[in-house]
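Comments concern the structure below.
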Amino acid sequence: MRVTGAAATAAALTYLSIRLVQGAYAYDARVCADDTSVCLTPWPVLSFPASFAIALVGLIVAYRLLGIRPGLTVIPPTLLLAPFPLDATLSTVGKWPAVVVGAVWAAGVALTAWRPYRILGLSIAAALLLASLVILWR
């Protein structure tokens with residue numbers, strides 16, 4: 001039950017982050033469409049820290065409600081390594097599969113909080129990370 005709650009929260013946060021970053025780049029493209037020189041608005045630059053802050057607060061609240069202690073073993077890998085599987089999925093198959101991969105990633109990392117499921121969680125996270133690095137390497 002706890003892992004599905006973490007996965008559902010991560011899916012929502014992944015969708016929100018993808019929409020935030022894509023919306024910022026779409027706004028930048030609209031504003032700079034008529035400009036022939038270098039044009040950059042602050043929104044694409046600010047969208048990455050904003051999505052990380054939203055994800056961090058959302059994950060801390062969700063993990064507290066689910067009874068997962070968000071220690072150093074859960075939150076940093078979820079936030080710092082998650083862009084690799086998300087970017088690989090987003091660049092190859094699209095937004096909705098990236099949302100599913102974000103949910104599986106967070107569920108796998110959340111499994112590492114419980115001793116009996118630690119190996120399974122690390123295996124899921126390692127497989128996703130390795131697959132995404134292979135896709136991004138191409």
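Chain identifiers are assigned as A, B, and so on, following the order in which chains appear in the structure tokens; residues are numbered from 1 within each chain, and ligands are numbered from 1 in order of appearance.
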Problem set entry | Close residues, A:Pro97 itself excluded, 12 Å, only C-alpha atoms, min 2 positions apart in chain, as a list in words |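 The filter keeps Ala11, Thr14, Tyr15, Ile18, Pro85, Leu86, Asp87, Ala88, Thr89, Leu90, Ser91, Thr92, Val93, Gly94, Lys95, Val99, Val100, Val101, Gly102, Ala103 and Val104 of chain A.
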Backbone-only DSSP, helix (DSSP H, G or I) members of chain A, as a tab-separated table (two decimals) with N, CA and C atoms, in the first residue's frame:
```tsv
chain	number	residue	atom	x	y	z
A	2	ARG	N	1.94	1.23	0.78
A	2	ARG	CA	2.79	2.42	0.86
A	2	ARG	C	3.50	2.68	-0.46
A	3	VAL	N	3.92	1.60	-1.10
A	3	VAL	CA	4.65	1.77	-2.35
A	3	VAL	C	3.73	2.29	-3.44
A	4	THR	N	2.48	1.85	-3.49
A	4	THR	CA	1.56	2.36	-4.51
A	4	THR	C	1.24	3.83	-4.26
A	5	GLY	N	1.17	4.23	-3.00
A	5	GLY	CA	0.97	5.65	-2.69
A	5	GLY	C	2.15	6.49	-3.14
A	6	ALA	N	3.36	5.97	-2.91
A	6	ALA	CA	4.55	6.68	-3.37
A	6	ALA	C	4.59	6.74	-4.88
A	7	ALA	N	4.17	5.66	-5.54
A	7	ALA	CA	4.16	5.64	-7.00
A	7	ALA	C	3.12	6.62	-7.55
A	8	ALA	N	1.96	6.68	-6.93
A	8	ALA	CA	0.92	7.60	-7.40
A	8	ALA	C	1.36	9.05	-7.21
A	9	THR	N	1.97	9.34	-6.08
A	9	THR	CA	2.47	10.69	-5.83
A	9	THR	C	3.56	11.03	-6.83
A	10	ALA	N	4.45	10.09	-7.07
A	10	ALA	CA	5.53	10.34	-8.02
A	10	ALA	C	5.01	10.53	-9.44
A	11	ALA	N	3.98	9.80	-9.81
A	11	ALA	CA	3.40	9.98	-11.14
A	11	ALA	C	2.82	11.38	-11.28
A	12	ALA	N	2.13	11.85	-10.27
A	12	ALA	CA	1.57	13.20	-10.32
A	12	ALA	C	2.67	14.25	-10.35
A	13	LEU	N	3.71	14.06	-9.55
A	13	LEU	CA	4.82	15.03	-9.53
A	13	LEU	C	5.60	14.99	-10.84
A	14	THR	N	5.73	13.82	-11.42
A	14	THR	CA	6.43	13.71	-12.71
A	14	THR	C	5.64	14.45	-13.79
A	15	TYR	N	4.35	14.24	-13.83
A	15	TYR	CA	3.52	14.93	-14.82
A	15	TYR	C	3.60	16.44	-14.62
A	16	LEU	N	3.52	16.88	-13.37
A	16	LEU	CA	3.59	18.32	-13.09
A	16	LEU	C	4.94	18.90	-13.51
A	17	SER	N	6.01	18.18	-13.23
A	17	SER	CA	7.34	18.67	-13.60
A	17	SER	C	7.51	18.73	-15.12
A	18	ILE	N	7.05	17.70	-15.81
A	18	ILE	CA	7.15	17.70	-17.27
A	18	ILE	C	6.35	18.85	-17.86
A	19	ARG	N	5.14	19.05	-17.38
A	19	ARG	CA	4.30	20.15	-17.87
A	19	ARG	C	4.94	21.51	-17.58
A	20	LEU	N	5.55	21.65	-16.41
A	20	LEU	CA	6.17	22.91	-16.04
A	20	LEU	C	7.34	23.24	-16.96
A	21	VAL	N	8.21	22.28	-17.19
A	21	VAL	CA	9.38	22.52	-18.03
A	21	VAL	C	8.97	22.70	-19.49
A	22	GLN	N	8.05	21.87	-20.00
A	22	GLN	CA	7.61	22.02	-21.38
A	22	GLN	C	6.86	23.33	-21.59
A	23	GLY	N	6.07	23.73	-20.60
A	23	GLY	CA	5.36	25.00	-20.69
A	23	GLY	C	6.31	26.18	-20.72
A	24	ALA	N	7.39	26.10	-19.93
A	24	ALA	CA	8.38	27.17	-19.93
A	24	ALA	C	9.08	27.29	-21.27
A	25	TYR	N	9.43	26.16	-21.86
A	25	TYR	CA	10.08	26.20	-23.17
A	25	TYR	C	9.12	26.64	-24.27
A	26	ALA	N	7.86	26.27	-24.16
A	26	ALA	CA	6.87	26.72	-25.14
A	26	ALA	C	6.67	28.23	-25.04
A	27	TYR	N	6.63	28.75	-23.82
A	27	TYR	CA	6.51	30.20	-23.63
A	27	TYR	C	7.72	30.91	-24.22
A	28	ASP	N	8.90	30.35	-23.98
A	28	ASP	CA	10.12	30.94	-24.50
A	28	ASP	C	10.12	30.95	-26.03
A	29	ALA	N	9.62	29.88	-26.64
A	29	ALA	CA	9.56	29.81	-28.10
A	29	ALA	C	8.56	30.81	-28.66
A	30	ARG	N	7.43	31.01	-27.96
A	30	ARG	CA	6.43	31.99	-28.42
A	30	ARG	C	6.96	33.41	-28.33
A	31	VAL	N	7.61	33.73	-27.22
A	31	VAL	CA	8.08	35.09	-27.02
A	31	VAL	C	9.23	35.41	-27.98
A	42	PRO	N	13.59	34.14	-18.66
A	42	PRO	CA	14.06	33.44	-17.45
A	42	PRO	C	13.26	32.18	-17.12
A	43	TRP	N	12.14	31.95	-17.79
A	43	TRP	CA	11.28	30.82	-17.40
A	43	TRP	C	11.90	29.45	-17.62
A	44	PRO	N	12.60	29.18	-18.74
A	44	PRO	CA	13.22	27.86	-18.85
A	44	PRO	C	14.29	27.62	-17.79
A	45	VAL	N	15.02	28.67	-17.45
A	45	VAL	CA	16.06	28.53	-16.43
A	45	VAL	C	15.44	28.30	-15.05
A	46	LEU	N	14.36	28.99	-14.77
A	46	LEU	CA	13.71	28.87	-13.46
A	46	LEU	C	12.83	27.63	-13.33
A	47	SER	N	12.48	27.01	-14.46
A	47	SER	CA	11.58	25.87	-14.38
A	47	SER	C	12.25	24.64	-13.76
A	48	PHE	N	13.55	24.48	-13.95
A	48	PHE	CA	14.22	23.32	-13.36
A	48	PHE	C	14.29	23.39	-11.84
A	49	PRO	N	14.77	24.50	-11.24
A	49	PRO	CA	14.74	24.56	-9.78
A	49	PRO	C	13.33	24.52	-9.20
A	50	ALA	N	12.38	25.10	-9.93
A	50	ALA	CA	11.00	25.07	-9.44
A	50	ALA	C	10.45	23.65	-9.44
A	51	SER	N	10.74	22.89	-10.49
A	51	SER	CA	10.25	21.51	-10.52
A	51	SER	C	10.94	20.66	-9.46
A	52	PHE	N	12.23	20.90	-9.19
A	52	PHE	CA	12.91	20.17	-8.12
A	52	PHE	C	12.34	20.54	-6.76
A	53	ALA	N	12.02	21.82	-6.54
A	53	ALA	CA	11.45	22.23	-5.25
A	53	ALA	C	10.06	21.64	-5.05
A	54	ILE	N	9.26	21.65	-6.09
A	54	ILE	CA	7.92	21.05	-6.01
A	54	ILE	C	8.02	19.56	-5.72
A	55	ALA	N	8.92	18.89	-6.43
A	55	ALA	CA	9.09	17.45	-6.22
A	55	ALA	C	9.61	17.15	-4.82
A	56	LEU	N	10.54	17.95	-4.33
A	56	LEU	CA	11.09	17.71	-3.00
A	56	LEU	C	10.04	17.87	-1.92
A	57	VAL	N	9.28	18.94	-1.97
A	57	VAL	CA	8.22	19.16	-0.98
A	57	VAL	C	7.15	18.07	-1.10
A	58	GLY	N	6.75	17.76	-2.33
A	58	GLY	CA	5.74	16.72	-2.53
A	58	GLY	C	6.19	15.37	-2.04
A	59	LEU	N	7.43	15.00	-2.32
A	59	LEU	CA	7.93	13.70	-1.86
A	59	LEU	C	8.06	13.64	-0.34
A	60	ILE	N	8.51	14.71	0.28
A	60	ILE	CA	8.64	14.72	1.74
A	60	ILE	C	7.27	14.56	2.39
A	61	VAL	N	6.29	15.31	1.90
A	61	VAL	CA	4.94	15.20	2.45
A	61	VAL	C	4.36	13.81	2.21
A	62	ALA	N	4.51	13.31	0.99
A	62	ALA	CA	3.96	11.99	0.68
A	62	ALA	C	4.65	10.90	1.49
A	63	TYR	N	5.95	10.97	1.63
A	63	TYR	CA	6.65	9.95	2.41
A	63	TYR	C	6.30	10.03	3.88
A	64	ARG	N	6.08	11.21	4.40
A	64	ARG	CA	5.64	11.35	5.80
A	64	ARG	C	4.26	10.73	6.00
A	65	LEU	N	3.34	11.01	5.08
A	65	LEU	CA	2.00	10.45	5.19
A	65	LEU	C	1.99	8.93	5.05
A	66	LEU	N	2.93	8.41	4.26
A	66	LEU	CA	2.99	6.98	4.04
A	66	LEU	C	3.82	6.24	5.10
A	75	ILE	N	15.39	10.30	-0.56
A	75	ILE	CA	15.13	11.56	-1.27
A	75	ILE	C	16.21	11.93	-2.29
A	76	PRO	N	17.51	11.94	-1.95
A	76	PRO	CA	18.49	12.35	-2.97
A	76	PRO	C	18.52	11.49	-4.23
A	77	PRO	N	18.48	10.14	-4.12
A	77	PRO	CA	18.44	9.39	-5.38
A	77	PRO	C	17.17	9.63	-6.18
A	78	THR	N	16.06	9.84	-5.49
A	78	THR	CA	14.80	10.08	-6.19
A	78	THR	C	14.89	11.36	-7.00
A	79	LEU	N	15.47	12.40	-6.44
A	79	LEU	CA	15.52	13.69	-7.13
A	79	LEU	C	16.71	13.82	-8.08
A	80	LEU	N	17.88	13.38	-7.65
A	80	LEU	CA	19.08	13.64	-8.43
A	80	LEU	C	19.26	12.69	-9.61
A	83	PRO	N	16.10	12.43	-13.32
A	83	PRO	CA	16.08	13.00	-14.68
A	83	PRO	C	16.61	12.07	-15.77
A	84	PHE	N	17.48	11.13	-15.43
A	84	PHE	CA	18.01	10.23	-16.46
A	84	PHE	C	16.93	9.32	-17.03
A	85	PRO	N	16.21	8.54	-16.19
A	85	PRO	CA	15.15	7.71	-16.78
A	85	PRO	C	14.03	8.53	-17.41
A	86	LEU	N	13.71	9.67	-16.80
A	86	LEU	CA	12.63	10.49	-17.34
A	86	LEU	C	13.01	11.07	-18.70
A	87	ASP	N	14.23	11.57	-18.83
A	87	ASP	CA	14.67	12.14	-20.09
A	87	ASP	C	14.76	11.08	-21.18
A	88	ALA	N	15.26	9.90	-20.82
A	88	ALA	CA	15.35	8.82	-21.81
A	88	ALA	C	13.97	8.41	-22.29
A	89	THR	N	13.03	8.29	-21.39
A	89	THR	CA	11.67	7.90	-21.77
A	89	THR	C	10.98	9.01	-22.54
A	90	LEU	N	11.13	10.23	-22.08
A	90	LEU	CA	10.48	11.37	-22.73
A	90	LEU	C	11.01	11.56	-24.15
A	91	SER	N	12.30	11.35	-24.35
A	91	SER	CA	12.87	11.58	-25.67
A	91	SER	C	12.57	10.44	-26.65
A	92	THR	N	12.26	9.26	-26.15
A	92	THR	CA	12.04	8.14	-27.06
A	92	THR	C	10.57	7.83	-27.29
A	95	LYS	N	5.34	11.56	-23.26
A	95	LYS	CA	5.07	12.08	-21.93
A	95	LYS	C	4.45	11.05	-20.99
A	96	TRP	N	3.44	10.34	-21.44
A	96	TRP	CA	2.74	9.42	-20.53
A	96	TRP	C	3.60	8.22	-20.12
A	97	PRO	N	4.38	7.64	-21.01
A	97	PRO	CA	5.30	6.62	-20.52
A	97	PRO	C	6.35	7.17	-19.55
A	98	ALA	N	6.72	8.45	-19.72
A	98	ALA	CA	7.65	9.07	-18.77
A	98	ALA	C	7.02	9.20	-17.39
A	99	VAL	N	5.72	9.47	-17.35
A	99	VAL	CA	5.01	9.53	-16.07
A	99	VAL	C	5.03	8.16	-15.39
A	100	VAL	N	4.83	7.11	-16.17
A	100	VAL	CA	4.86	5.75	-15.62
A	100	VAL	C	6.27	5.41	-15.12
A	101	VAL	N	7.28	5.79	-15.88
A	101	VAL	CA	8.66	5.53	-15.46
A	101	VAL	C	8.99	6.31	-14.19
A	102	GLY	N	8.49	7.54	-14.07
A	102	GLY	CA	8.69	8.30	-12.83
A	102	GLY	C	8.05	7.62	-11.64
A	103	ALA	N	6.88	7.06	-11.84
A	103	ALA	CA	6.21	6.34	-10.75
A	103	ALA	C	6.97	5.08	-10.37
A	104	VAL	N	7.43	4.33	-11.37
A	104	VAL	CA	8.19	3.11	-11.08
A	104	VAL	C	9.52	3.44	-10.41
A	105	TRP	N	10.14	4.52	-10.86
A	105	TRP	CA	11.41	4.96	-10.25
A	105	TRP	C	11.21	5.29	-8.77
A	106	ALA	N	10.21	6.10	-8.47
A	106	ALA	CA	9.98	6.49	-7.07
A	106	ALA	C	9.56	5.30	-6.22
A	107	ALA	N	8.77	4.39	-6.79
A	107	ALA	CA	8.37	3.19	-6.04
A	107	ALA	C	9.58	2.31	-5.76
A	108	GLY	N	10.46	2.17	-6.74
A	108	GLY	CA	11.66	1.37	-6.54
A	108	GLY	C	12.58	1.96	-5.49
A	109	VAL	N	12.74	3.27	-5.51
A	109	VAL	CA	13.58	3.92	-4.51
A	109	VAL	C	12.90	3.88	-3.14
A	110	ALA	N	11.57	3.99	-3.11
A	110	ALA	CA	10.85	3.91	-1.83
A	110	ALA	C	10.96	2.52	-1.22
A	111	LEU	N	11.06	1.50	-2.05
A	111	LEU	CA	11.22	0.14	-1.52
A	111	LEU	C	12.52	-0.03	-0.75
A	115	ARG	N	13.80	-2.92	4.89
A	115	ARG	CA	14.87	-3.91	4.82
A	115	ARG	C	14.52	-5.14	3.97
A	116	PRO	N	13.33	-5.74	4.07
A	116	PRO	CA	13.08	-6.94	3.25
A	116	PRO	C	13.01	-6.66	1.75
A	117	TYR	N	12.73	-5.43	1.37
A	117	TYR	CA	12.57	-5.10	-0.04
A	117	TYR	C	13.72	-4.27	-0.60
A	118	ARG	N	14.77	-4.13	0.16
A	118	ARG	CA	15.88	-3.25	-0.24
A	118	ARG	C	16.54	-3.72	-1.54
A	119	ILE	N	16.78	-5.02	-1.67
A	119	ILE	CA	17.43	-5.55	-2.88
A	119	ILE	C	16.52	-5.36	-4.10
A	120	LEU	N	15.22	-5.61	-3.93
A	120	LEU	CA	14.27	-5.41	-5.03
A	120	LEU	C	14.24	-3.95	-5.46
A	121	GLY	N	14.19	-3.03	-4.50
A	121	GLY	CA	14.17	-1.61	-4.82
A	121	GLY	C	15.44	-1.16	-5.52
A	122	LEU	N	16.58	-1.62	-5.03
A	122	LEU	CA	17.84	-1.26	-5.68
A	122	LEU	C	17.94	-1.87	-7.08
A	123	SER	N	17.41	-3.07	-7.24
A	123	SER	CA	17.43	-3.71	-8.56
A	123	SER	C	16.57	-2.94	-9.56
A	124	ILE	N	15.38	-2.52	-9.13
A	124	ILE	CA	14.50	-1.74	-10.01
A	124	ILE	C	15.17	-0.43	-10.40
A	125	ALA	N	15.71	0.27	-9.41
A	125	ALA	CA	16.34	1.56	-9.67
A	125	ALA	C	17.57	1.39	-10.57
A	126	ALA	N	18.37	0.37	-10.30
A	126	ALA	CA	19.57	0.16	-11.11
A	126	ALA	C	19.21	-0.22	-12.54
A	127	ALA	N	18.19	-1.05	-12.72
A	127	ALA	CA	17.79	-1.44	-14.07
A	127	ALA	C	17.27	-0.23	-14.86
A	128	LEU	N	16.46	0.59	-14.22
A	128	LEU	CA	15.96	1.80	-14.91
A	128	LEU	C	17.09	2.76	-15.24
A	129	LEU	N	18.01	2.93	-14.30
A	129	LEU	CA	19.12	3.86	-14.53
A	129	LEU	C	20.04	3.34	-15.63
A	130	LEU	N	20.34	2.06	-15.62
A	130	LEU	CA	21.20	1.48	-16.65
A	130	LEU	C	20.54	1.55	-18.03
A	131	ALA	N	19.26	1.22	-18.10
A	131	ALA	CA	18.55	1.28	-19.38
A	131	ALA	C	18.49	2.71	-19.90
A	132	SER	N	18.26	3.66	-19.01
A	132	SER	CA	18.19	5.05	-19.47
A	132	SER	C	19.54	5.56	-19.92
A	133	LEU	N	20.61	5.15	-19.26
A	133	LEU	CA	21.95	5.60	-19.70
A	133	LEU	C	22.30	4.98	-21.04
A	134	VAL	N	21.88	3.74	-21.28
A	134	VAL	CA	22.11	3.12	-22.59
A	134	VAL	C	21.34	3.88	-23.67
A	135	ILE	N	20.11	4.24	-23.40
A	135	ILE	CA	19.29	4.98	-24.37
A	135	ILE	C	19.88	6.38	-24.62
A	136	LEU	N	20.29	7.04	-23.56
A	136	LEU	CA	20.84	8.39	-23.71
A	136	LEU	C	22.22	8.37	-24.37
A	137	TRP	N	22.96	7.29	-24.23
A	137	TRP	CA	24.29	7.18	-24.81
A	137	TRP	C	24.22	7.11	-26.33
```
Problem set entry | From A:Thr41, A:Cys32, A:Leu81, A:Ile68, residue lying nearest A:Trp114 [only C-alpha atoms] |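 Counting only C-alpha atoms, the residue closest to A:Trp114 is A:Ile68.
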